[in-house]
Amino acid sequence: GVVFNVQKQSLMHGRLAGVSDPVGTNFTVHVVGQDGAQLADRFAVKNTRTTVLSQFDGLTLADDASMLPGAVMAVRCRVSAVVPAGDHSIVIGDVLETVPPLAPNAWVAPLRYLHGSYVPHGMETVPLGKSYF
């Protein structure tokens, strides 16, 4: 399964968790590598003047729109539950497939976001003055 948080002010919240019954809604999680901050930032907007479709402007998609350019993989999912959590919602999804299909023992260092900034691969500790709680 897939679990992630969506801020209630974000555009994606309205698409995934803000509908009357989100269970069963299909979505795709795109995993970007260490050089994918610009692509990740493109979809992390809170601006209500931006539309979900305009976030794709200028991107060249494959014919089947299976994966965003610059992504190292995509995980196609279906919402199984949404749990309110303060100013976020926790979205829980069932994995339907990966694109491309994962090879045995395949691994790519994904871009990670922690405490308001991107974290280089290998940084496993919390910066001083920061806390997970």
# chains A, B, ... in the order shown; residues from 1 in each chain; ligands from 1

call {"tool": "residues_around", "arguments": {"residues": "range 110-124 of chain A", "least_positions_apart": "2", "cutoff": "6 Å", "atoms": "only C-alpha atoms", "output": "PyMOL selection string"}}
result
chain A and resi 32-34+108

call {"tool": "write_last_selection", "arguments": {"atoms": "all heavy atoms", "output": "PDB file, in the first residue's frame"}}
result
ATOM      1  N   VAL A  32      10.316  10.797  -7.918  1.00  0.00           N
ATOM      2  CA  VAL A  32      11.389  11.495  -8.624  1.00  0.00           C
ATOM      3  C   VAL A  32      12.705  11.215  -7.916  1.00  0.00           C
ATOM      4  O   VAL A  32      12.735  10.948  -6.719  1.00  0.00           O
ATOM      5  CB  VAL A  32      11.129  13.019  -8.724  1.00  0.00           C
ATOM      6  CG1 VAL A  32       9.894  13.299  -9.555  1.00  0.00           C
ATOM      7  CG2 VAL A  32      10.989  13.660  -7.356  1.00  0.00           C
ATOM      8  N   GLY A  33      13.771  11.284  -8.673  1.00  0.00           N
ATOM      9  CA  GLY A  33      15.105  11.057  -8.127  1.00  0.00           C
ATOM     10  C   GLY A  33      15.653  12.312  -7.476  1.00  0.00           C
ATOM     11  O   GLY A  33      14.957  13.327  -7.324  1.00  0.00           O
ATOM     12  N   GLN A  34      16.910  12.259  -7.104  1.00  0.00           N
ATOM     13  CA  GLN A  34      17.560  13.364  -6.397  1.00  0.00           C
ATOM     14  C   GLN A  34      17.543  14.674  -7.181  1.00  0.00           C
ATOM     15  O   GLN A  34      17.631  15.739  -6.595  1.00  0.00           O
ATOM     16  CB  GLN A  34      19.000  12.979  -6.057  1.00  0.00           C
ATOM     17  CG  GLN A  34      19.105  11.822  -5.085  1.00  0.00           C
ATOM     18  CD  GLN A  34      18.594  12.180  -3.701  1.00  0.00           C
ATOM     19  OE1 GLN A  34      19.104  13.066  -3.050  1.00  0.00           O
ATOM     20  NE2 GLN A  34      17.558  11.491  -3.259  1.00  0.00           N
ATOM     21  N   VAL A 108      16.092   2.903  -6.472  1.00  0.00           N
ATOM     22  CA  VAL A 108      16.502   4.229  -6.924  1.00  0.00           C
ATOM     23  C   VAL A 108      16.437   5.138  -5.709  1.00  0.00           C
ATOM     24  O   VAL A 108      15.481   5.073  -4.932  1.00  0.00           O
ATOM     25  CB  VAL A 108      15.544   4.754  -8.018  1.00  0.00           C
ATOM     26  CG1 VAL A 108      15.873   6.183  -8.379  1.00  0.00           C
ATOM     27  CG2 VAL A 108      15.593   3.865  -9.242  1.00  0.00           C
TER      28      VAL A 108
END

call {"tool": "closest_residue", "arguments": {"among": "A:Val19, A:Phe56, A:Val79, A:Gln7", "to": "Val91 in chain A", "atoms": "only C-alpha atoms"}}
result
A:Val79

call {"tool": "closest_residue", "arguments": {"among": "A:Gly1, A:Pro22, A:Gly14, A:Pro69", "to": "Val83 in chain A", "atoms": "only C-alpha atoms"}}
result
A:Pro22

call {"tool": "residues_around", "arguments": {"residues": "range 28-31 of chain A", "least_positions_apart": "3", "cutoff": "6 Å", "atoms": "only C-alpha atoms", "output": "ChimeraX atom specification"}}
result
/A:71-77

call {"tool": "select_by_dssp", "arguments": {"residues": "range 22-99 of chain A", "states": "alpha helix (DSSP H)", "output": "list in words"}}
result
Ala37, Gln38, Leu39, Ala40, Asp41 and Arg42 of chain A

call {"tool": "write_last_selection", "arguments": {"atoms": "C-alpha atoms", "output": "compact mmCIF listing (two decimals), in the first residue's frame"}}
result
# COMPACT_ATOMS: atom_id res chain seq x y z
CA ALA A 37 12.99 19.03 -6.93
CA GLN A 38 11.69 21.31 -9.70
CA LEU A 39 9.13 18.73 -10.81
CA ALA A 40 8.09 18.05 -7.20
CA ASP A 41 7.69 21.78 -6.50
CA ARG A 42 5.43 22.15 -9.53

call {"tool": "atom_distance", "arguments": {"atom1": "CA of Ser54 in chain A", "atom2": "CA of Arg15 in chain A"}}
result
14.0 Å

call {"tool": "closest_residue", "arguments": {"among": "A:Leu68, A:Ala44, A:Val99, A:Ala85", "to": "Ser10 in chain A", "atoms": "only C-alpha atoms"}}
result
A:Ala44

call {"tool": "atom_distance", "arguments": {"atom1": "CA of Met67 in chain A", "atom2": "CA of Gly24 in chain A"}}
result
20.7 Å

call {"tool": "residues_around", "arguments": {"residues": "Val6 in chain A", "least_positions_apart": "2", "cutoff": "7 Å", "atoms": "only C-alpha atoms", "output": "PyMOL selection string"}}
result
chain A and resi 4+8+13+88-90

call {"tool": "write_last_selection", "arguments": {"atoms": "N, CA and C atoms", "output": "PDB file, in the first residue's frame"}}
result
ATOM      1  N   PHE A   4       0.302   8.641   2.431  1.00  0.00           N
ATOM      2  CA  PHE A   4       0.931   9.961   2.390  1.00  0.00           C
ATOM      3  C   PHE A   4      -0.026  10.997   2.945  1.00  0.00           C
ATOM      4  N   LYS A   8      -4.600  20.223   3.536  1.00  0.00           N
ATOM      5  CA  LYS A   8      -5.980  20.519   3.172  1.00  0.00           C
ATOM      6  C   LYS A   8      -6.102  21.735   2.265  1.00  0.00           C
ATOM      7  N   HIS A  13      -5.572  17.999  -2.491  1.00  0.00           N
ATOM      8  CA  HIS A  13      -6.505  17.580  -1.438  1.00  0.00           C
ATOM      9  C   HIS A  13      -7.925  17.548  -1.980  1.00  0.00           C
ATOM     10  N   HIS A  88      -3.997  18.462   7.625  1.00  0.00           N
ATOM     11  CA  HIS A  88      -3.717  17.508   6.554  1.00  0.00           C
ATOM     12  C   HIS A  88      -4.761  16.389   6.571  1.00  0.00           C
ATOM     13  N   SER A  89      -4.771  15.619   5.518  1.00  0.00           N
ATOM     14  CA  SER A  89      -5.499  14.351   5.491  1.00  0.00           C
ATOM     15  C   SER A  89      -4.480  13.268   5.167  1.00  0.00           C
ATOM     16  N   ILE A  90      -4.641  12.124   5.796  1.00  0.00           N
ATOM     17  CA  ILE A  90      -3.786  10.971   5.503  1.00  0.00           C
ATOM     18  C   ILE A  90      -4.527  10.133   4.470  1.00  0.00           C
TER      19      ILE A  90
END

call {"tool": "atom_distance", "arguments": {"atom1": "CA of Gly70 in chain A", "atom2": "CA of Ile92 in chain A"}}
result
24.7 Å
